[in-house]
>>> print(open('target-v7.cif').read())   # mmCIF, C-alpha atoms
data_query
loop_
_atom_site.label_atom_id
_atom_site.label_comp_id
_atom_site.auth_asym_id
_atom_site.auth_seq_id
_atom_site.Cartn_x
_atom_site.Cartn_y
_atom_site.Cartn_z
CA MET W 66 19.26 44.42 45.71
CA ASP W 67 19.89 47.52 43.66
CA LYS W 68 18.70 47.92 40.09
CA LYS W 69 22.19 47.53 38.60
CA LYS W 70 22.72 44.10 40.17
CA VAL W 71 19.29 42.92 38.95
CA ILE W 72 20.19 43.91 35.42
CA ILE W 73 23.56 42.11 35.64
CA ILE W 74 21.97 38.91 37.00
CA SER W 75 19.26 39.02 34.33
CA VAL W 76 21.85 39.38 31.60
CA VAL W 77 23.89 36.46 33.01
CA VAL W 78 20.79 34.24 33.27
CA LEU W 79 19.73 35.16 29.74
CA PHE W 80 23.27 34.43 28.54
CA PHE W 81 23.20 30.94 30.03
CA ILE W 82 19.72 30.30 28.60
CA VAL W 83 20.88 31.31 25.12
CA VAL W 84 24.05 29.20 25.46
CA GLY W 85 21.99 26.28 26.72
CA VAL W 86 19.50 26.46 23.87
CA PHE W 87 22.31 26.83 21.34
CA SER W 88 24.22 23.92 22.86
CA TYR W 89 21.11 21.74 22.90
CA LYS W 90 20.44 22.46 19.23
CA LEU W 91 24.10 21.86 18.44
CA ILE W 92 24.05 18.51 20.22
CA MET W 93 20.75 17.45 18.70
CA ASN W 94 22.05 18.29 15.23
CA ASN W 95 25.31 16.48 15.79
CA ASP W 96 25.14 12.74 15.12
CA ASP W 97 27.84 12.10 17.72
CA PHE W 98 25.71 13.62 20.51
CA ALA W 99 22.22 12.49 19.40
CA LEU W 100 20.39 10.20 21.82
CA TYR W 101 21.19 6.57 21.08
CA THR W 102 21.00 3.21 22.86
CA SER W 103 22.38 -0.01 21.45
CA GLN W 104 22.51 -3.51 22.89
CA GLU W 105 23.17 -6.94 21.43
CA TYR W 106 21.66 -10.20 22.70
CA GLU W 107 22.85 -13.73 22.06
CA ASP W 108 19.31 -15.03 22.63
CA VAL W 109 18.52 -18.18 20.67
CA TYR W 110 15.02 -19.00 19.41
CA ASN W 111 14.06 -22.13 17.50
CA LEU W 112 11.79 -21.30 14.59
CA LYS W 113 8.85 -23.39 13.45
CA GLU W 114 7.77 -21.65 10.24
CA ASP W 115 9.28 -21.85 6.75
CA ILE W 116 11.89 -19.08 6.75
CA TYR W 117 11.56 -18.62 2.99
CA ASN W 118 7.81 -18.03 3.24
CA LEU W 119 7.57 -14.35 4.16
CA SER W 120 3.95 -14.33 5.25
CA PHE W 121 4.57 -17.19 7.73
CA ILE W 122 7.97 -16.24 9.12
CA LYS W 123 6.98 -12.58 9.43
CA TYR W 124 4.40 -13.37 12.10
CA GLU W 125 6.73 -15.63 14.09
CA LEU W 126 9.66 -13.18 14.03
CA THR W 127 7.44 -10.17 14.80
CA THR W 128 6.37 -11.91 18.00
CA ILE W 129 10.04 -12.26 18.96
CA ALA W 130 11.00 -8.68 17.96
CA GLN W 131 8.16 -7.19 19.99
CA LYS W 132 9.55 -8.81 23.14
CA TYR W 133 12.31 -6.20 22.86
CA GLU W 134 10.24 -3.24 21.61
CA ASN W 135 6.49 -2.95 21.29
CA GLY W 136 5.07 -1.83 17.95
CA VAL W 137 8.04 -2.58 15.68
CA LYS W 138 7.15 -4.02 12.26
CA LEU W 139 9.08 -5.89 9.58
CA THR W 140 10.37 -3.40 7.02
CA TYR W 141 13.54 -5.01 5.61
CA ALA W 142 14.86 -8.53 5.00
CA LYS W 143 17.99 -9.86 3.38
CA TYR W 144 18.85 -13.47 2.54
CA ASP W 145 22.43 -14.55 1.77
CA ILE W 146 22.35 -17.95 0.09
CA ASN W 147 25.62 -19.81 -0.50
CA GLU W 148 26.30 -23.49 -0.97
CA ASN W 149 27.84 -23.84 2.50
CA SER W 150 26.01 -21.09 4.36
CA LYS W 151 22.46 -19.78 4.35
CA THR W 152 21.64 -16.83 6.59
CA ALA W 153 19.02 -14.10 6.78
CA LYS W 154 18.69 -10.73 8.47
CA PHE W 155 15.35 -9.14 9.39
CA GLU W 156 14.86 -5.53 10.51
CA PHE W 157 11.85 -4.46 12.56
CA TYR W 158 11.34 -0.69 12.70
CA SER W 159 9.17 1.88 14.43
CA ASP W 160 9.18 5.68 14.60
CA ASN W 161 5.78 6.01 16.27
CA TYR W 162 6.82 7.51 19.62
CA GLY W 163 5.22 10.93 19.75
CA GLU W 164 8.66 12.35 20.52
CA LYS W 165 10.34 14.31 17.76
CA ASN W 166 12.61 12.27 15.52
CA MET W 167 12.76 9.09 17.64
CA ALA W 168 13.08 5.62 16.11
CA CYS W 169 13.87 2.03 17.00
CA ILE W 170 15.22 -0.97 15.08
CA VAL W 171 15.29 -4.56 16.28
CA THR W 172 17.52 -6.63 13.97
CA ILE W 173 17.26 -10.42 14.01
CA TRP W 174 19.84 -12.73 12.44
CA VAL W 175 18.76 -16.26 11.46
CA ASN W 176 20.62 -19.44 10.51
CA ILE W 177 18.31 -20.81 7.82
CA ASP W 178 19.58 -24.41 7.77
CA GLU W 179 19.30 -24.73 11.55
CA LYS W 180 16.06 -22.67 11.71
CA LYS W 181 17.42 -20.67 14.63
CA VAL W 182 17.67 -17.04 15.67
CA THR W 183 21.39 -16.54 16.40
CA LYS W 184 21.63 -12.86 17.40
CA ILE W 185 19.42 -9.85 18.12
CA LYS W 186 20.46 -6.19 18.11
CA TYR W 187 18.36 -3.48 19.76
CA GLU W 188 18.83 0.17 18.74
CA LYS W 189 16.76 3.14 19.85
CA GLY W 190 17.29 6.89 19.83
CA ASN W 191 17.31 10.00 17.71
CA GLY W 192 16.43 9.44 14.07
CA LYS W 193 19.84 10.76 13.08
CA ARG W 194 21.40 7.67 14.63
CA ILE W 195 18.70 5.19 13.61
CA SER W 196 18.50 4.51 9.89
CA GLY W 197 15.81 2.15 8.67
CA TYR W 198 12.89 1.59 6.31
CA SER W 199 9.42 2.60 7.47
CA THR W 200 7.16 0.68 5.03
CA GLU W 201 5.97 -2.64 6.43
CA ILE W 202 6.63 -5.68 4.24
CA ASN W 203 3.34 -7.28 3.21
CA ILE W 204 4.18 -9.72 0.45
CA SER W 205 3.45 -13.44 0.50
CA GLU W 206 6.06 -14.77 -1.91
CA ASN W 207 7.88 -17.99 -1.16
CA LEU W 208 11.50 -17.04 -1.69
CA SER W 209 12.56 -20.65 -2.21
CA ASP W 210 11.21 -20.17 -5.75
CA TYR W 211 14.34 -18.10 -6.42
CA ILE W 212 16.90 -20.54 -5.02
CA ASN W 213 18.79 -23.15 -7.04
CA PRO W 214 21.29 -25.76 -5.80
CA LYS W 215 24.96 -24.67 -5.91
CA GLU W 216 24.09 -21.07 -6.81
CA ASN W 217 25.08 -18.02 -4.77
CA LEU W 218 22.22 -15.59 -4.41
CA GLN W 219 21.35 -12.53 -2.37
CA ILE W 220 17.68 -11.65 -1.91
CA THR W 221 16.67 -8.26 -0.51
CA ILE W 222 13.09 -7.31 0.35
CA ARG W 223 12.07 -3.71 1.02
CA ASN W 224 9.11 -1.51 0.07
CA GLN W 225 7.27 -4.59 -1.27
CA ASP W 226 10.08 -5.21 -3.78
CA VAL W 227 12.09 -8.43 -4.11
CA ILE W 228 15.58 -7.68 -5.43
CA LEU W 229 17.80 -10.52 -6.64
CA MET W 230 21.59 -10.36 -6.88
CA LYS W 231 23.46 -13.29 -8.44
CA ASP W 232 27.25 -13.32 -8.34
CA GLY W 233 27.20 -9.57 -7.69
CA GLN W 234 24.92 -8.74 -10.61
CA LYS W 235 21.26 -7.74 -10.39
CA LEU W 236 18.93 -10.39 -11.77
CA GLU W 237 15.41 -9.46 -12.86
CA LYS W 238 12.76 -11.74 -11.35
CA GLU W 239 11.25 -12.56 -14.73
CA ASP W 240 14.68 -13.78 -15.93
CA PHE W 241 15.25 -16.15 -13.03
CA VAL W 242 14.89 -19.84 -13.93
CA LYS W 243 14.12 -22.24 -11.07
CA ASN W 244 15.68 -25.70 -11.39
CA VAL W 245 13.00 -28.13 -10.15
CA THR W 246 14.67 -31.36 -11.32
CA ASN W 247 15.03 -32.69 -7.78
CA ASN W 248 11.83 -31.17 -6.45
CA LEU W 249 8.92 -31.86 -8.78
CA GLY W 250 6.41 -31.52 -5.96
CA THR W 251 5.29 -33.28 -2.81
CA SER W 252 2.03 -34.90 -3.93
CA ARG W 253 -0.34 -35.28 -6.87
CA PHE W 254 -1.96 -32.01 -5.77
CA ASP W 255 1.32 -30.10 -5.79
CA GLY W 256 4.07 -29.32 -8.28
CA TYR W 257 4.99 -26.95 -11.09
CA GLU W 258 3.15 -26.20 -14.32
CA GLY W 259 3.50 -24.09 -17.42
CA ILE W 260 4.12 -23.91 -21.15
CA VAL W 261 7.40 -25.21 -22.61
CA THR W 262 9.31 -22.26 -24.07
CA GLU W 263 12.79 -23.68 -24.67
CA ILE W 264 14.34 -27.09 -25.28
CA ASN W 265 18.11 -27.60 -24.96
CA SER W 266 20.39 -30.60 -25.26
CA ASN W 267 20.12 -31.49 -21.57
CA ASN W 268 17.07 -29.64 -20.20
CA ILE W 269 13.74 -28.00 -20.92
CA ILE W 270 12.43 -24.64 -19.68
CA PHE W 271 8.76 -23.93 -19.09
CA GLU W 272 6.94 -20.80 -17.98
CA ASN W 273 3.99 -20.22 -15.67
CA LYS W 274 2.69 -16.89 -16.93
CA SER W 275 0.10 -16.45 -14.18
CA LYS W 276 2.88 -16.57 -11.57
CA ASN W 277 5.51 -14.93 -13.80
CA ARG W 278 7.87 -17.84 -13.10
CA LYS W 279 10.23 -19.91 -15.25
CA TYR W 280 11.27 -23.46 -14.40
CA LEU W 281 13.92 -25.88 -15.65
CA ILE W 282 13.97 -29.67 -15.71
CA GLU W 283 17.12 -31.61 -16.60
CA TYR W 284 16.81 -34.84 -18.59
CA ASN W 285 16.48 -37.65 -16.08
CA ASN W 286 15.54 -41.30 -16.51
CA ASP W 287 13.82 -41.28 -13.12
CA PHE W 288 10.90 -39.31 -14.53
CA LYS W 289 7.73 -41.00 -15.75
CA CYS W 290 6.13 -38.98 -18.53
CA ILE W 291 2.49 -39.41 -19.46
CA ASN W 292 0.04 -37.87 -21.88
CA GLY W 293 -2.02 -35.80 -19.45
CA ARG W 294 -5.22 -36.45 -21.38
CA THR W 295 -4.95 -40.17 -22.12
CA GLU W 296 -2.40 -41.20 -19.43
CA GLU W 297 -0.45 -43.13 -22.05
CA THR W 298 3.30 -43.28 -21.46
CA ILE W 299 5.41 -41.02 -23.64
CA ASP W 300 9.14 -40.33 -23.91
CA PHE W 301 10.73 -37.29 -22.24
CA ASN W 302 12.47 -36.52 -25.53
CA ASN W 303 9.09 -36.11 -27.23
CA ILE W 304 8.29 -32.96 -25.25
CA LYS W 305 7.98 -30.02 -27.65
CA GLU W 306 7.84 -26.25 -27.36
CA GLY W 307 4.29 -25.10 -26.75
CA ASN W 308 3.37 -28.21 -24.72
CA TYR W 309 1.76 -27.72 -21.32
CA ILE W 310 3.48 -29.71 -18.56
CA HIS W 311 2.62 -30.34 -14.94
CA THR W 312 5.04 -31.98 -12.49
CA PHE W 313 4.00 -33.88 -9.38
CA ILE W 314 4.76 -36.97 -7.30
CA ASN W 315 2.51 -39.97 -6.63
CA GLU W 316 2.88 -43.61 -5.65
CA LYS W 317 4.43 -44.32 -9.05
CA GLY W 318 7.22 -41.80 -8.54
CA LYS W 319 8.19 -38.52 -10.18
CA MET W 320 5.61 -37.66 -12.81
CA ILE W 321 5.53 -35.21 -15.70
CA SER W 322 2.12 -34.81 -17.28
CA ILE W 323 2.25 -33.42 -20.82
CA LEU W 324 -0.43 -31.90 -23.01
CA SER W 325 0.55 -31.58 -26.66
CA ASN W 326 -0.54 -28.48 -28.52
CA ILE W 327 -3.14 -30.07 -30.80
CA SER W 328 -6.62 -29.15 -32.04
CA GLY W 329 -9.56 -30.39 -34.08
CA GLU W 330 -10.37 -34.08 -34.30
CA GLU W 331 -7.00 -35.01 -32.81
CA LEU W 332 -7.79 -33.08 -29.63
CA LYS W 333 -11.39 -34.33 -29.54
CA LYS W 334 -10.18 -37.93 -29.67
CA GLU W 335 -7.84 -37.39 -26.72
CA LEU W 336 -10.54 -35.63 -24.67
CA LEU W 337 -12.93 -38.55 -25.20
CA LYS W 338 -10.19 -40.92 -24.03
CA ASN W 339 -9.82 -38.73 -20.98
CA LEU W 340 -13.51 -39.26 -20.19
CA THR W 341 -12.93 -43.02 -19.94
CA ILE W 342 -10.48 -42.69 -17.01
CA GLU W 343 -11.88 -43.65 -13.61
CA ASN W 344 -9.18 -42.29 -11.29
CA TYR W 345 -7.11 -39.53 -12.84
CA ILE W 346 -3.36 -39.60 -12.28
CA ASP W 347 -3.23 -35.87 -12.97
CA ILE W 348 -6.36 -34.10 -11.78
CA ASN W 349 -5.18 -30.86 -13.46
CA THR W 350 -5.89 -32.21 -16.93
CA ALA W 351 -9.39 -33.66 -16.59
CA ALA W 352 -11.68 -32.68 -19.47
CA SER W 353 -14.48 -30.25 -18.66
CA VAL W 354 -18.01 -31.33 -19.61
CA THR W 355 -21.36 -29.53 -19.55
CA GLY W 356 -24.72 -31.01 -20.50
CA LYS W 357 -26.67 -29.16 -23.16
CA THR W 358 -29.77 -31.26 -23.79
CA ILE W 359 -31.10 -34.71 -22.95
CA ASN W 360 -33.55 -36.68 -25.07
CA ILE W 361 -35.19 -39.55 -23.19
CA GLU W 362 -36.21 -42.09 -25.82
CA ASN W 363 -37.62 -44.66 -23.41
CA SER W 364 -37.12 -46.06 -19.91
CA ASN W 365 -33.89 -47.74 -20.98
CA LYS W 366 -32.27 -45.17 -23.21
CA ALA W 367 -31.48 -41.46 -23.35
CA ILE W 368 -29.27 -39.39 -25.65
CA LEU W 369 -27.30 -36.69 -23.84
CA THR W 370 -25.64 -33.87 -25.79
CA LEU W 371 -22.42 -32.71 -24.14
CA LYS W 372 -20.14 -29.74 -24.53
CA VAL W 373 -16.58 -31.04 -24.05
CA GLN W 374 -13.65 -28.71 -23.56
CA GLU W 375 -10.18 -28.57 -22.07
CA TYR W 376 -9.82 -25.84 -19.47
CA ILE W 377 -6.82 -25.30 -17.21
CA GLU W 378 -7.73 -22.25 -15.15
CA SER W 379 -4.28 -21.62 -13.65
CA GLN W 380 -2.77 -21.16 -17.12
CA ASN W 381 -5.86 -19.67 -18.78
CA ILE W 382 -5.80 -22.56 -21.25
CA LYS W 383 -9.20 -22.99 -22.85
CA SER W 384 -9.48 -25.18 -25.93
CA GLU W 385 -12.09 -25.21 -28.65
CA GLU W 386 -15.44 -26.76 -27.69
CA PHE W 387 -16.74 -30.02 -29.06
CA GLU W 388 -20.36 -31.11 -29.13
CA VAL W 389 -20.69 -34.84 -28.48
CA LYS W 390 -23.78 -37.06 -28.28
CA VAL W 391 -23.54 -39.92 -25.78
CA GLU W 392 -25.93 -42.69 -24.76
CA LEU W 393 -27.22 -43.52 -21.30
CA ASN W 394 -28.84 -46.94 -20.96
CA SER W 395 -30.02 -49.40 -18.36
CA ASP W 396 -26.40 -50.33 -17.53
CA THR W 397 -25.40 -46.71 -16.79
CA ASP W 398 -24.69 -45.99 -13.12
CA ILE W 399 -26.69 -42.79 -12.43
CA GLU W 400 -26.18 -40.45 -9.48
CA CYS W 401 -28.21 -37.27 -8.93
CA LYS W 402 -28.09 -35.18 -5.81
CA GLY W 403 -31.45 -35.25 -4.04
CA LEU W 404 -32.72 -38.36 -5.87
CA GLN W 405 -32.72 -41.87 -4.48
CA LYS W 406 -31.71 -44.54 -7.04
CA PRO W 407 -32.59 -42.37 -10.04
CA LYS W 408 -33.64 -43.97 -13.32
CA ILE W 409 -33.37 -42.68 -16.85
CA GLU W 410 -36.92 -41.25 -16.74
CA ASP W 411 -35.89 -39.14 -13.72
CA LEU W 412 -33.31 -37.29 -15.80
CA ARG W 413 -35.99 -35.31 -17.63
CA ASP W 414 -35.87 -32.48 -15.09
CA VAL W 415 -32.28 -32.82 -13.90
CA PHE W 416 -29.95 -29.82 -14.12
CA LEU W 417 -27.16 -30.41 -16.62
CA ASP W 418 -24.84 -27.48 -15.87
CA ILE W 419 -22.62 -29.34 -13.37
CA ILE W 420 -22.18 -32.96 -14.35
CA ASN W 421 -19.57 -35.68 -14.67
CA VAL W 422 -19.61 -38.61 -17.05
CA ARG W 423 -17.44 -41.64 -17.69
CA LEU W 424 -17.45 -43.27 -21.10
CA ASP W 425 -17.02 -46.90 -22.08
CA LYS W 426 -13.52 -47.01 -23.59
CA ASN W 427 -14.66 -49.61 -26.13
CA THR W 428 -17.25 -47.22 -27.59
CA ILE W 429 -15.42 -43.87 -27.88
CA ASN W 430 -14.84 -44.43 -31.60
CA ASP W 431 -18.53 -45.10 -32.17
CA GLU W 432 -20.82 -42.40 -33.50
CA ILE W 433 -22.53 -42.25 -30.09
CA PRO W 434 -20.30 -43.45 -27.22
CA VAL W 435 -21.92 -45.15 -24.21
CA VAL W 436 -21.90 -43.64 -20.72
CA THR W 437 -21.00 -46.05 -17.91
CA TRP W 438 -21.41 -43.49 -15.11
CA PHE W 439 -23.38 -40.21 -14.93
CA MET W 440 -23.47 -37.74 -12.06
CA SER W 441 -25.35 -34.46 -11.71
CA SER W 442 -25.22 -31.97 -8.84
CA ASN W 443 -28.84 -31.23 -9.81
CA GLY W 444 -28.42 -27.53 -9.31
CA ASN W 445 -26.77 -27.87 -5.88
#
>>> encode(input="target-v7.cif", output="structure tokens")
Amino acid sequence: MDKKKVIIISVVVLFFIVVGVFSYKLIMNNDDFALYTSQEYEDVYNLKEDIYNLSFIKYELTTIAQKYENGVKLTYAKYDINENSKTAKFEFYSDNYGEKNMACIVTIWVNIDEKKVTKIKYEKGNGKRISGYSTEINISENLSDYINPKENLQITIRNQDVILMKDGQKLEKEDFVKNVTNNLGTSRFDGYEGIVTEINSNNIIFENKSKNRKYLIEYNNDFKCINGRTEETIDFNNIKEGNYIHTFINEKGKMISILSNISGEELKKELLKNLTIENYIDINTAASVTGKTINIENSNKAILTLKVQEYIESQNIKSEEFEVKVELNSDTDIECKGLQKPKIEDLRDVFLDIINVRLDKNTINDEIPVVTWFMSSNGN
């Protein structure tokens, strides 16, 4: 082959290489030609976890999504809540492929009422065709806290943010008021609590500052209201702004425990009444006691000095302290960890930092009330 032909062939080859490279770049920079695969599946999965609890449902749905693409993670969720329809969409994303600008999204649609996956869409290809969020959702909120009966709401979760839209308008989380009238709790260990901030003609609103949540209760004759300290029955209409309330359910029905905003001798009197109760209806409002000193007068009598206080840790409610002297005698039932059938003389060396006492209700107005039951962890 002569030199002229070699040059011509080289030029032609170079031309096609340049055209090929240019065409490749043109295609890769054109959304219509970028690599892309899409497929929809009508696969149905029954879900076990609470769909509104992100930390629970995330694990269950991730297991499903990774059947279609390994390594995808939950980065976006959207709940559409209407009176007649409740659905959710979850996007699982990955761009960790080693190849330049590759990504994948597995989208899962869920019927919330039926607790079923209804559709799955698989998309994978060039990042120009795959648009998604890359930050994994790692929040543990229960989204049912934002849902009220007969209200239309859209909840979007991305980049660790929960965004609320009500009737097309953005609603700040701190402004949302949860109506708990028909859901006061599931047991005496469950429910809602907070400080009453607003009283209207047909409802009250209370706020749990530690959770940054507001709740609403409508006036309802089905509720049984009690003084949380004394367990005496009180009227719903007597609830006042500044009161602490705790809702729960027990064998007696729907309960609202109320602590009035009082101090001084009035509070001290209620706390002493609280110490006469054997089985608390509302365990949240039990008075806190600590032993300070004990003076054993003889084998049948000792004077214990107590520090009595109201402390509700969840609301950072800590009342003033009261110093109260109480009497232990031969009729007092004494329990001390590590001691068999302890007597009053045995209390001389007992630790007093973690104790419980129960007072005789007939003596709480006496100068020195009588203890019917005393228990010490004895430092354990």
>>> resolve_selection(input="target-v7.cif", expression="the PyMOL selection byres ((chain W and resi 227) around 10)", output="list in words")
Ala142, Lys143, Ile204, Glu206, Leu208, Ile220, Thr221, Ile222, Arg223, Asn224, Gln225, Asp226, Ile228, Leu229, Glu237 and Lys238 of chain W
>>> write_last_selection(input="target-v7.cif", atoms="C-alpha atoms", output="mmCIF file, in the frame of the given file")
data_model
loop_
_atom_site.group_PDB
_atom_site.id
_atom_site.type_symbol
_atom_site.label_atom_id
_atom_site.label_comp_id
_atom_site.auth_asym_id
_atom_site.auth_seq_id
_atom_site.Cartn_x
_atom_site.Cartn_y
_atom_site.Cartn_z
ATOM 1 C CA ALA W 142 14.860 -8.530 5.000
ATOM 2 C CA LYS W 143 17.990 -9.860 3.380
ATOM 3 C CA ILE W 204 4.180 -9.720 0.450
ATOM 4 C CA GLU W 206 6.060 -14.770 -1.910
ATOM 5 C CA LEU W 208 11.500 -17.040 -1.690
ATOM 6 C CA ILE W 220 17.680 -11.650 -1.910
ATOM 7 C CA THR W 221 16.670 -8.260 -0.510
ATOM 8 C CA ILE W 222 13.090 -7.310 0.350
ATOM 9 C CA ARG W 223 12.070 -3.710 1.020
ATOM 10 C CA ASN W 224 9.110 -1.510 0.070
ATOM 11 C CA GLN W 225 7.270 -4.590 -1.270
ATOM 12 C CA ASP W 226 10.080 -5.210 -3.780
ATOM 13 C CA ILE W 228 15.580 -7.680 -5.430
ATOM 14 C CA LEU W 229 17.800 -10.520 -6.640
ATOM 15 C CA GLU W 237 15.410 -9.460 -12.860
ATOM 16 C CA LYS W 238 12.760 -11.740 -11.350
#
>>> resolve_selection(input="target-v7.cif", expression="the PyMOL selection byres ((chain W and resi 174) around 7)", output="ChimeraX atom specification")
/W:153-155,172-173,175,182-185
>>> atom_distance(input="target-v7.cif", atom1="atom CA of W:Ser442", atom2="atom CA of W:Lys402")
5.3 Å
>>> atom_distance(input="target-v7.cif", atom1="atom CA of W:Ile310", atom2="atom CA of W:Ser322")
5.4 Å
>>> atom_distance(input="target-v7.cif", atom1="atom CA of W:Lys151", atom2="atom CA of W:Asn207")
15.7 Å
>>> resolve_selection(input="target-v7.cif", expression="the PyMOL selection byres ((chain W and resi 305) around 8)", output="PyMOL selection string")
chain W and resi 261+264+303-304+306-308+325
>>> closest_residue(input="target-v7.cif", among="W:His311, W:Lys338, W:Arg294, W:Lys235", to="W:Glu258", atoms="all atoms listed in the file")
W:His311
>>> residues_around(input="target-v7.cif", residues="W:Cys290", least_positions_apart="5", cutoff="9 Å", atoms="all atoms listed in the file", output="list in words")
Glu296, Glu297, Thr298, Ile299, Asp300, Phe301, Lys319, Met320, Ile321, Ser322 and Ile323 of chain W
>>> write_last_selection(input="target-v7.cif", atoms="C-alpha atoms", output="compact mmCIF listing (two decimals), keeping the file's coordinate frame")
# COMPACT_ATOMS: atom_id res chain seq x y z
CA GLU W 296 -2.40 -41.20 -19.43
CA GLU W 297 -0.45 -43.13 -22.05
CA THR W 298 3.30 -43.28 -21.46
CA ILE W 299 5.41 -41.02 -23.64
CA ASP W 300 9.14 -40.33 -23.91
CA PHE W 301 10.73 -37.29 -22.24
CA LYS W 319 8.19 -38.52 -10.18
CA MET W 320 5.61 -37.66 -12.81
CA ILE W 321 5.53 -35.21 -15.70
CA SER W 322 2.12 -34.81 -17.28
CA ILE W 323 2.25 -33.42 -20.82
>>> residues_near_point(input="target-v7.cif", point="(-18.6, -37.9, -19.5)", cutoff="9 Å", atoms="all atoms listed in the file", output="list in words")
Leu337, Asn339, Leu340, Thr341, Ala352, Ser353, Val354, Thr355, Leu371, Val373, Val391, Ile420, Asn421, Val422, Arg423, Leu424, Val436, Thr437, Trp438, Phe439 and Met440 of chain W
>>> closest_atom_pairs(input="target-v7.cif", of="stretch 121-166 of chain W", to="stretch 98-112 of chain W", cutoff="10 Å", atoms="only C-alpha atoms", output="JSON lines")
{"residue": "W:Ile122", "atom": "CA", "partner": "W:Leu112", "partner_atom": "CA", "distance": 8.4}
{"residue": "W:Glu125", "atom": "CA", "partner": "W:Leu112", "partner_atom": "CA", "distance": 7.6}
{"residue": "W:Leu126", "atom": "CA", "partner": "W:Leu112", "partner_atom": "CA", "distance": 8.4}
{"residue": "W:Ile129", "atom": "CA", "partner": "W:Tyr110", "partner_atom": "CA", "distance": 8.4}
>>> residues_around(input="target-v7.cif", residues="W:Leu412", least_positions_apart="2", cutoff="12 Å", atoms="all atoms listed in the file", output="number ranges by chain")
W: 356, 358-369, 393-394, 399-402, 404, 406-410, 414-417, 439-443
>>> closest_residue(input="target-v7.cif", among="W:Asn118, W:Asn161, W:Asn344, W:Gln380", to="W:Glu272", atoms="all atoms listed in the file")
W:Gln380
